[in-house]
file structure_37.cif (mmCIF, C-alpha atoms)
data_upload
loop_
_atom_site.label_atom_id
_atom_site.label_comp_id
_atom_site.auth_asym_id
_atom_site.auth_seq_id
_atom_site.Cartn_x
_atom_site.Cartn_y
_atom_site.Cartn_z
CA MET A 1 -3.23 8.62 -8.57
CA ALA A 2 0.16 10.33 -8.98
CA TYR A 3 3.10 7.94 -8.82
CA ASN A 4 6.41 8.06 -6.97
CA ILE A 5 8.90 6.59 -9.43
CA LEU A 6 12.45 5.40 -8.79
CA ILE A 7 14.93 5.28 -11.71
CA VAL A 8 17.97 3.07 -11.06
CA ASP A 9 20.77 3.50 -13.61
CA ASP A 10 24.44 4.45 -13.36
CA SER A 11 24.21 6.65 -16.46
CA THR A 12 23.19 10.26 -15.83
CA VAL A 13 22.35 10.55 -19.53
CA VAL A 14 19.93 7.62 -19.41
CA LYS A 15 18.30 8.98 -16.25
CA ALA A 16 17.84 12.38 -17.90
CA VAL A 17 16.30 10.73 -20.98
CA MET A 18 14.03 8.68 -18.72
CA VAL A 19 12.82 11.77 -16.85
CA ASN A 20 12.11 13.48 -20.17
CA ALA A 21 10.27 10.40 -21.50
CA LEU A 22 8.16 10.17 -18.34
CA GLY A 23 7.32 13.87 -18.63
CA GLN A 24 6.15 13.39 -22.23
CA SER A 25 4.19 10.25 -21.46
CA GLY A 26 1.36 11.99 -19.63
CA ILE A 27 1.71 9.70 -16.59
CA PRO A 28 0.67 11.50 -13.37
CA ILE A 29 3.87 11.81 -11.32
CA HIS A 30 4.22 12.97 -7.73
CA GLU A 31 8.01 12.66 -7.44
CA ILE A 32 10.89 11.03 -9.33
CA PHE A 33 13.78 9.53 -7.33
CA ASP A 34 17.03 8.30 -8.82
CA ALA A 35 19.83 5.97 -7.78
CA ALA A 36 23.14 5.01 -9.41
CA ASN A 37 23.00 1.35 -8.36
CA GLY A 38 20.91 -1.23 -6.56
CA GLN A 39 22.46 -0.52 -3.18
CA ASP A 40 21.46 3.14 -3.30
CA ALA A 41 18.05 2.11 -4.59
CA LEU A 42 17.42 -0.10 -1.55
CA LYS A 43 18.15 2.85 0.75
CA ILE A 44 15.57 4.95 -1.09
CA LEU A 45 13.04 2.11 -1.03
CA ASP A 46 13.55 1.80 2.73
CA SER A 47 12.84 5.46 3.39
CA SER A 48 10.41 6.61 0.68
CA PRO A 49 7.02 5.39 -0.63
CA ILE A 50 7.85 4.15 -4.14
CA ASP A 51 5.10 2.96 -6.50
CA LEU A 52 7.22 1.85 -9.45
CA VAL A 53 10.90 1.08 -10.13
CA PHE A 54 12.72 1.37 -13.46
CA ALA A 55 16.04 -0.52 -13.26
CA ASP A 56 19.00 -1.17 -15.53
CA ILE A 57 20.64 -4.61 -15.33
CA ASN A 58 24.35 -3.80 -15.54
CA MET A 59 25.43 -1.36 -12.81
CA PRO A 60 28.42 -1.11 -10.44
CA VAL A 61 28.21 -2.07 -6.73
CA MET A 62 24.84 -3.81 -7.16
CA GLY A 63 23.22 -4.58 -10.50
CA GLY A 64 19.58 -4.82 -11.41
CA VAL A 65 19.35 -8.59 -11.01
CA GLU A 66 20.51 -8.49 -7.37
CA LEU A 67 18.25 -5.50 -6.70
CA VAL A 68 15.25 -7.46 -7.99
CA GLU A 69 16.27 -10.50 -5.91
CA ARG A 70 16.60 -8.39 -2.76
CA MET A 71 13.23 -6.74 -3.34
CA HIS A 72 11.59 -10.10 -4.01
CA ALA A 73 12.94 -11.45 -0.69
CA ASP A 74 11.59 -8.49 1.31
CA GLU A 75 7.88 -8.72 2.17
CA ARG A 76 7.62 -4.93 2.29
CA LEU A 77 9.20 -4.43 -1.15
CA LYS A 78 8.19 -7.49 -3.18
CA GLY A 79 4.87 -5.96 -4.20
CA ILE A 80 6.46 -2.89 -5.81
CA PRO A 81 6.44 -3.42 -9.60
CA VAL A 82 9.74 -3.29 -11.46
CA ILE A 83 10.27 -2.47 -15.15
CA ILE A 84 13.66 -3.38 -16.58
CA ILE A 85 15.21 -0.82 -18.95
CA SER A 86 18.25 -2.39 -20.60
CA THR A 87 20.13 -3.13 -23.81
CA GLU A 88 20.30 -6.76 -22.72
CA GLY A 89 17.67 -9.00 -24.28
CA SER A 90 18.46 -12.49 -23.03
CA ALA A 91 15.22 -14.49 -22.94
CA THR A 92 16.65 -16.71 -20.18
CA ARG A 93 17.58 -13.68 -18.05
CA MET A 94 14.19 -12.04 -18.53
CA GLU A 95 12.31 -15.24 -17.66
CA TYR A 96 14.29 -15.47 -14.42
CA LEU A 97 13.53 -11.84 -13.58
CA ARG A 98 9.82 -12.35 -14.27
CA GLU A 99 9.85 -15.19 -11.75
CA LYS A 100 11.27 -12.67 -9.26
CA GLY A 101 8.49 -10.18 -9.86
CA VAL A 102 9.64 -8.05 -12.82
CA ARG A 103 6.51 -6.90 -14.64
CA ALA A 104 7.81 -5.50 -17.94
CA TYR A 105 10.89 -5.00 -20.09
CA VAL A 106 11.75 -2.02 -22.30
CA ARG A 107 14.83 -2.17 -24.50
CA LYS A 108 17.13 0.80 -24.96
CA PRO A 109 16.77 3.05 -26.92
CA PHE A 110 13.13 3.71 -26.06
CA THR A 111 10.40 6.24 -26.78
CA ALA A 112 8.05 8.09 -24.46
CA GLU A 113 5.21 6.03 -25.92
CA GLN A 114 6.95 2.77 -24.97
CA ILE A 115 7.48 4.02 -21.41
CA HIS A 116 3.87 5.13 -21.15
CA ALA A 117 2.60 1.78 -22.44
CA ALA A 118 4.79 -0.18 -20.02
CA VAL A 119 3.69 1.88 -17.02
CA ARG A 120 -0.01 1.66 -17.88
CA THR A 121 0.19 -2.09 -18.45
CA VAL A 122 1.97 -2.63 -15.14
CA MET A 123 0.01 -0.26 -12.93
CA ASP A 124 -3.39 -1.23 -14.31
CA SER A 125 -2.69 -4.86 -13.42
CA MET A 126 -1.44 -4.17 -9.90
CA PRO A 127 -3.56 -3.69 -6.76
CA ASN A 128 -2.98 -0.40 -4.99
CA ARG A 129 0.03 -0.66 -2.69
CA LEU A 130 -1.54 1.38 0.11
CA GLU A 131 -4.64 -0.79 0.28
CA ASP A 132 -2.40 -3.88 0.21
CA ASN A 133 -0.43 -2.59 3.17
CA LEU A 134 -3.59 -1.67 5.07
CA ALA A 135 -4.96 -5.16 4.47
CA HIS A 136 -1.75 -6.78 5.76
CA ALA A 137 -1.68 -4.49 8.81
CA LEU A 138 -5.32 -5.20 9.71
CA GLU A 139 -4.88 -8.94 9.31
CA SER A 140 -1.80 -8.92 11.55
CA VAL A 141 -3.30 -6.68 14.24
CA ILE A 142 -6.68 -8.43 14.48
CA LYS A 143 -5.04 -11.85 14.66
CA THR A 144 -2.57 -10.66 17.31
CA MET A 145 -4.87 -8.52 19.47
CA ALA A 146 -8.13 -10.45 19.13
CA SER A 147 -7.12 -13.92 17.89
CA LEU A 148 -9.75 -13.79 15.14
CA PRO A 149 -9.44 -14.93 11.51
CA VAL A 150 -9.51 -12.26 8.79
CA GLU A 151 -10.67 -13.08 5.26
CA THR A 152 -10.26 -10.62 2.37
CA VAL A 153 -13.35 -10.57 0.15
CA ASP A 154 -14.60 -8.78 -2.95
CA PRO A 155 -16.73 -5.81 -1.80
CA ARG A 156 -19.27 -6.78 -4.45
CA ASP A 157 -19.86 -10.05 -2.61
CA LEU A 158 -20.95 -8.32 0.59
CA PRO A 159 -24.66 -8.07 1.38
CA GLU A 160 -26.44 -4.75 0.86
CA MET A 161 -25.88 -2.34 3.75
CA GLU A 162 -29.11 -2.21 5.76
CA ALA A 163 -27.94 -0.63 9.01
CA PRO A 164 -25.39 2.02 10.05
CA LEU A 165 -21.82 0.93 10.68
CA LEU A 166 -19.31 2.29 13.17
CA HIS A 167 -16.65 4.43 11.50
CA ALA A 168 -13.24 4.58 13.20
CA HIS A 169 -10.96 7.27 11.75
CA ILE A 170 -7.35 8.37 12.34
CA GLY A 171 -5.11 10.87 10.56
CA PHE A 172 -1.32 10.93 10.22
CA ALA A 173 1.22 13.57 9.25
CA GLY A 174 4.94 13.50 8.61
CA LYS A 175 6.79 12.46 5.45
CA GLU A 176 3.31 12.08 3.96
CA SER A 177 -0.06 13.10 5.35
CA GLY A 178 -3.23 11.10 5.09
CA GLU A 179 -5.87 9.14 6.91
CA ILE A 180 -7.18 5.65 7.59
CA GLY A 181 -10.78 4.68 8.18
CA LEU A 182 -12.37 1.43 9.31
CA LEU A 183 -16.07 0.59 9.16
CA PHE A 184 -17.29 -2.04 11.59
CA ASP A 185 -20.42 -4.03 11.96
CA PRO A 186 -21.44 -2.96 15.53
CA ASP A 187 -21.55 -6.61 16.65
CA LEU A 188 -18.00 -7.06 15.35
CA ALA A 189 -16.87 -4.02 17.34
CA THR A 190 -18.31 -5.62 20.48
CA LEU A 191 -16.65 -8.97 19.73
CA LEU A 192 -13.27 -7.35 19.04
CA ALA A 193 -13.48 -5.31 22.24
CA ALA A 194 -14.31 -8.39 24.30
CA ARG A 195 -11.39 -10.32 22.79
CA ILE A 196 -8.95 -7.44 23.18
CA LEU A 197 -9.97 -6.91 26.84
CA GLY A 198 -10.06 -10.61 27.60
CA LEU A 199 -13.75 -10.70 28.58
CA GLU A 200 -15.77 -13.83 27.91
CA ASP A 201 -19.07 -12.11 28.74
CA LYS A 202 -19.76 -9.35 26.19
CA GLY A 203 -22.49 -8.08 28.52
CA GLN A 204 -19.74 -6.71 30.76
CA LEU A 205 -18.74 -4.21 28.07
CA LEU A 206 -19.72 -0.58 28.35
CA ASP A 207 -19.96 1.62 25.26
CA ASP A 208 -16.82 3.57 26.16
CA MET A 209 -14.89 0.30 26.62
CA ILE A 210 -15.85 -0.78 23.08
CA GLU A 211 -14.87 2.59 21.67
CA ASP A 212 -11.52 2.61 23.49
CA ALA A 213 -10.69 -0.91 22.26
CA ILE A 214 -11.50 0.02 18.65
CA LYS A 215 -9.41 3.18 18.92
CA GLU A 216 -6.44 1.17 20.19
CA LEU A 217 -6.80 -1.38 17.40
CA LEU A 218 -6.89 1.40 14.81
CA ASN A 219 -3.91 3.14 16.40
CA VAL A 220 -1.79 -0.03 16.25
CA ALA A 221 -2.95 -0.86 12.70
CA CYS A 222 -2.04 2.66 11.58
CA GLY A 223 1.46 2.28 13.04
CA GLN A 224 2.01 -0.99 11.18
CA PHE A 225 0.57 0.46 7.97
CA LEU A 226 2.94 3.44 8.09
CA THR A 227 5.97 1.22 8.68
CA MET A 228 5.01 -1.06 5.77
CA SER A 229 4.36 1.90 3.47
CA PHE A 230 7.17 4.30 4.34
CA GLY A 231 9.80 2.36 6.31
CA GLU A 232 10.97 2.67 9.89
CA THR A 233 12.91 5.92 9.50
CA PRO A 234 10.23 8.61 8.99
CA VAL A 235 8.53 9.99 12.12
CA PHE A 236 4.76 10.48 11.97
CA SER A 237 2.32 12.18 14.30
CA LEU A 238 -1.13 10.64 14.67
CA THR A 239 -4.40 12.35 15.43
CA VAL A 240 -6.65 11.11 18.21
CA PRO A 241 -8.83 8.32 16.73
CA HIS A 242 -12.56 9.01 16.52
CA VAL A 243 -15.40 6.47 16.46
CA PHE A 244 -18.90 7.45 15.31
CA PRO A 245 -21.90 5.89 13.51
CA LEU A 246 -22.03 6.28 9.72
CA GLY A 247 -25.41 6.19 8.03
CA VAL A 248 -26.48 3.64 5.45
CA PRO A 249 -26.24 5.99 2.39
CA ALA A 250 -22.67 7.00 3.32
CA CYS A 251 -21.67 3.35 3.90
CA ARG A 252 -23.08 2.32 0.52
CA ALA A 253 -21.32 5.20 -1.24
CA LEU A 254 -18.00 4.34 0.41
CA LEU A 255 -18.34 0.68 -0.51
CA LYS A 256 -18.53 1.66 -4.19
CA GLY A 257 -15.31 3.66 -4.00
CA PRO A 258 -12.07 2.48 -5.65
CA ARG A 259 -9.86 2.62 -2.52
CA VAL A 260 -11.78 0.27 -0.21
CA ARG A 261 -10.80 -3.19 0.98
CA ALA A 262 -13.48 -5.52 2.39
CA PHE A 263 -13.00 -8.23 5.00
CA LEU A 264 -14.96 -10.79 6.90
CA VAL A 265 -13.90 -11.21 10.51
CA ASN A 266 -15.57 -14.20 12.13
CA GLY A 267 -18.41 -13.70 9.64
CA TYR A 268 -18.83 -9.97 10.32
CA THR A 269 -18.24 -7.15 7.82
CA LEU A 270 -15.20 -4.87 8.10
CA LEU A 271 -14.23 -2.23 5.54
CA GLY A 272 -10.90 -0.44 5.40
CA HIS A 273 -9.88 2.61 3.37
CA THR A 274 -6.90 4.92 3.28
CA ARG A 275 -5.64 7.89 1.29
CA ILE A 276 -2.61 10.11 1.01
CA LYS A 277 -3.53 13.78 0.97
CA PRO A 278 -2.11 15.93 -1.86
CA ALA A 279 0.79 18.09 -0.74
CA SER A 280 -0.04 21.73 -0.09
CA PRO A 281 1.28 24.08 -2.79
#
call {"tool": "encode", "arguments": {"input": "structure_37.cif", "output": "structure tokens"}}
result
Amino acid sequence: MAYNILIVDDSTVVKAVMVNALGQSGIPIHEIFDAANGQDALKILDSSPIDLVFADINMPVMGGVELVERMHADERLKGIPVIIISTEGSATRMEYLREKGVRAYVRKPFTAEQIHAAVRTVMDSMPNRLEDNLAHALESVIKTMASLPVETVDPRDLPEMEAPLLHAHIGFAGKESGEIGLLFDPDLATLLAARILGLEDKGQLLDDMIEDAIKELLNVACGQFLTMSFGETPVFSLTVPHVFPLGVPACRALLKGPRVRAFLVNGYTLLGHTRIKPASP
């Protein structure tokens, strides 16, 4: 995974040194953003998908402490890891910032090796932000549209796949391009469709009614996922959702992948996966 990194520091010299250190560290980087203070940083966080923030403490307009507090209070931003880069070494201050979600501290002056070690420690301990957002979107949409409980589970705890699942797929393009896929137990798809359409008798459902209900659920979940991941400003176009059976070998292979979240919905299996496509050269 290549990271989008935000450097927040009022010193252009420090930001230049940081960029150089990140380049030497060997960390895969998609894009580096920079801000002169916490206020500017919040604007970037609202409009761009950031995976990691480096922040100084003492800055004009809004310092690093207030930035961390504002991020911690925002459900969409609180999961983004923050590494403090500062000359300040107050144990009391750092303990407070850790309580607000700061994951690491690097004291100035620093080396590329120290930056690399901090990033690896932080990112290796954090769940993937995209899968987190997809999980939150699915939980919200299924509870709202179908009034069913959603439980996140370890994929390794699911029973062995013995029958094909339904695969619902949608693509998106805009500030970033990618796709979302959901794999349903067929009985779950029927239950969700009945709940969404307000039918007590599942026998009233036709196959195209089930498919249309699943497509609508995926469409709404994708919209929420994009807002959580990239903010409300970027405009995205969505492909027409598709629903089709996926064979047992493909389901088992997908379940072993690193970018899959597993859920139980009323006792039925649901898998969700997403990816951002690499930018075209």
call {"tool": "closest_atom_pairs", "arguments": {"input": "structure_37.cif", "of": "region 75-136 of chain A", "to": "region 213-231 of chain A", "cutoff": "12 Å", "atoms": "all atoms listed in the file", "output": "Markdown table"}}
result
| residue | atom | partner | partner_atom | distance |
| --- | --- | --- | --- | --- |
| A:Glu75 | CA | A:Met228 | CA | 8.9 |
| A:Arg76 | CA | A:Met228 | CA | 5.8 |
| A:Leu77 | CA | A:Met228 | CA | 8.8 |
| A:Lys78 | CA | A:Met228 | CA | 11.5 |
| A:Gly79 | CA | A:Ser229 | CA | 11.0 |
| A:Ile80 | CA | A:Ser229 | CA | 10.7 |
| A:Asn128 | CA | A:Ser229 | CA | 11.4 |
| A:Arg129 | CA | A:Ser229 | CA | 8.0 |
| A:Leu130 | CA | A:Ser229 | CA | 6.8 |
| A:Glu131 | CA | A:Phe225 | CA | 9.4 |
| A:Asp132 | CA | A:Phe225 | CA | 9.4 |
| A:Asn133 | CA | A:Phe225 | CA | 5.8 |
| A:Leu134 | CA | A:Phe225 | CA | 5.5 |
| A:Ala135 | CA | A:Phe225 | CA | 8.6 |
| A:His136 | CA | A:Phe225 | CA | 7.9 |
call {"tool": "resolve_selection", "arguments": {"input": "structure_37.cif", "expression": "the PyMOL selection byres ((chain A and resi 163-176) around 9)", "output": "PyMOL selection string"}}
result
chain A and resi 48-49+161-162+177-186+189+211+214-215+218-219+222+226+230+234-251+276-279
call {"tool": "atom_distance", "arguments": {"input": "structure_37.cif", "atom1": "CA of Arg252 (chain A)", "atom2": "CA of Glu139 (chain A)"}}
result
23.1 Å
call {"tool": "residues_around", "arguments": {"input": "structure_37.cif", "residues": "Pro159 (chain A)", "least_positions_apart": "5", "cutoff": "12 Å", "atoms": "all atoms listed in the file", "output": "list in words"}}
result
Val153, Asp154, Arg252, Leu255, Ala262, Leu264, Gly267, Tyr268 and Thr269 of chain A
call {"tool": "closest_residue", "arguments": {"input": "structure_37.cif", "among": "A:Ala36, A:Ala73, A:Leu45, A:Ala112", "to": "Met59 (chain A)", "atoms": "only C-alpha atoms"}}
result
A:Ala36
call {"tool": "residues_around", "arguments": {"input": "structure_37.cif", "residues": "Gly23 (chain A)", "least_positions_apart": "4", "cutoff": "12 Å", "atoms": "only C-alpha atoms", "output": "JSON, numbers by chain"}}
result
{"A": [5, 16, 17, 18, 19, 27, 28, 29, 30, 31, 32, 111, 112, 113, 115, 116]}
call {"tool": "residues_near_point", "arguments": {"input": "structure_37.cif", "point": "(14.2, -2.6, -17.0)", "cutoff": "6 Å", "atoms": "all atoms listed in the file", "output": "NGL selection string"}}
result
:A and (54-56 or 83-86 or 105-106)
call {"tool": "resolve_selection", "arguments": {"input": "structure_37.cif", "expression": "the PyMOL selection byres ((chain A and resi 92-98) around 12)", "output": "PDB file with C-alpha atoms, in the coordinates of the input"}}
result
ATOM      1  CA  ALA A  55      16.040  -0.520 -13.260  1.00  0.00           C
ATOM      2  CA  ILE A  57      20.640  -4.610 -15.330  1.00  0.00           C
ATOM      3  CA  GLY A  64      19.580  -4.820 -11.410  1.00  0.00           C
ATOM      4  CA  VAL A  65      19.350  -8.590 -11.010  1.00  0.00           C
ATOM      5  CA  GLU A  66      20.510  -8.490  -7.370  1.00  0.00           C
ATOM      6  CA  LEU A  67      18.250  -5.500  -6.700  1.00  0.00           C
ATOM      7  CA  VAL A  68      15.250  -7.460  -7.990  1.00  0.00           C
ATOM      8  CA  GLU A  69      16.270 -10.500  -5.910  1.00  0.00           C
ATOM      9  CA  ARG A  70      16.600  -8.390  -2.760  1.00  0.00           C
ATOM     10  CA  MET A  71      13.230  -6.740  -3.340  1.00  0.00           C
ATOM     11  CA  HIS A  72      11.590 -10.100  -4.010  1.00  0.00           C
ATOM     12  CA  PRO A  81       6.440  -3.420  -9.600  1.00  0.00           C
ATOM     13  CA  VAL A  82       9.740  -3.290 -11.460  1.00  0.00           C
ATOM     14  CA  ILE A  83      10.270  -2.470 -15.150  1.00  0.00           C
ATOM     15  CA  ILE A  84      13.660  -3.380 -16.580  1.00  0.00           C
ATOM     16  CA  ILE A  85      15.210  -0.820 -18.950  1.00  0.00           C
ATOM     17  CA  SER A  86      18.250  -2.390 -20.600  1.00  0.00           C
ATOM     18  CA  THR A  87      20.130  -3.130 -23.810  1.00  0.00           C
ATOM     19  CA  GLU A  88      20.300  -6.760 -22.720  1.00  0.00           C
ATOM     20  CA  GLY A  89      17.670  -9.000 -24.280  1.00  0.00           C
ATOM     21  CA  SER A  90      18.460 -12.490 -23.030  1.00  0.00           C
ATOM     22  CA  ALA A  91      15.220 -14.490 -22.940  1.00  0.00           C
ATOM     23  CA  GLU A  99       9.850 -15.190 -11.750  1.00  0.00           C
ATOM     24  CA  LYS A 100      11.270 -12.670  -9.260  1.00  0.00           C
ATOM     25  CA  GLY A 101       8.490 -10.180  -9.860  1.00  0.00           C
ATOM     26  CA  VAL A 102       9.640  -8.050 -12.820  1.00  0.00           C
ATOM     27  CA  ARG A 103       6.510  -6.900 -14.640  1.00  0.00           C
ATOM     28  CA  ALA A 104       7.810  -5.500 -17.940  1.00  0.00           C
ATOM     29  CA  TYR A 105      10.890  -5.000 -20.090  1.00  0.00           C
ATOM     30  CA  VAL A 106      11.750  -2.020 -22.300  1.00  0.00           C
ATOM     31  CA  ARG A 107      14.830  -2.170 -24.500  1.00  0.00           C
TER      32      ARG A 107
END
call {"tool": "atom_distance", "arguments": {"input": "structure_37.cif", "atom1": "CA of Gln39 (chain A)", "atom2": "CA of Val53 (chain A)"}}
result
13.6 Å
call {"tool": "atom_distance", "arguments": {"input": "structure_37.cif", "atom1": "CA of Asp74 (chain A)", "atom2": "CA of Leu148 (chain A)"}}
result
26.0 Å
call {"tool": "resolve_selection", "arguments": {"input": "structure_37.cif", "expression": "the PyMOL selection byres ((chain A and resi 147) around 12)", "output": "NGL selection string"}}
result
:A and (139-146 or 148-150 or 191-198 or 265-266)
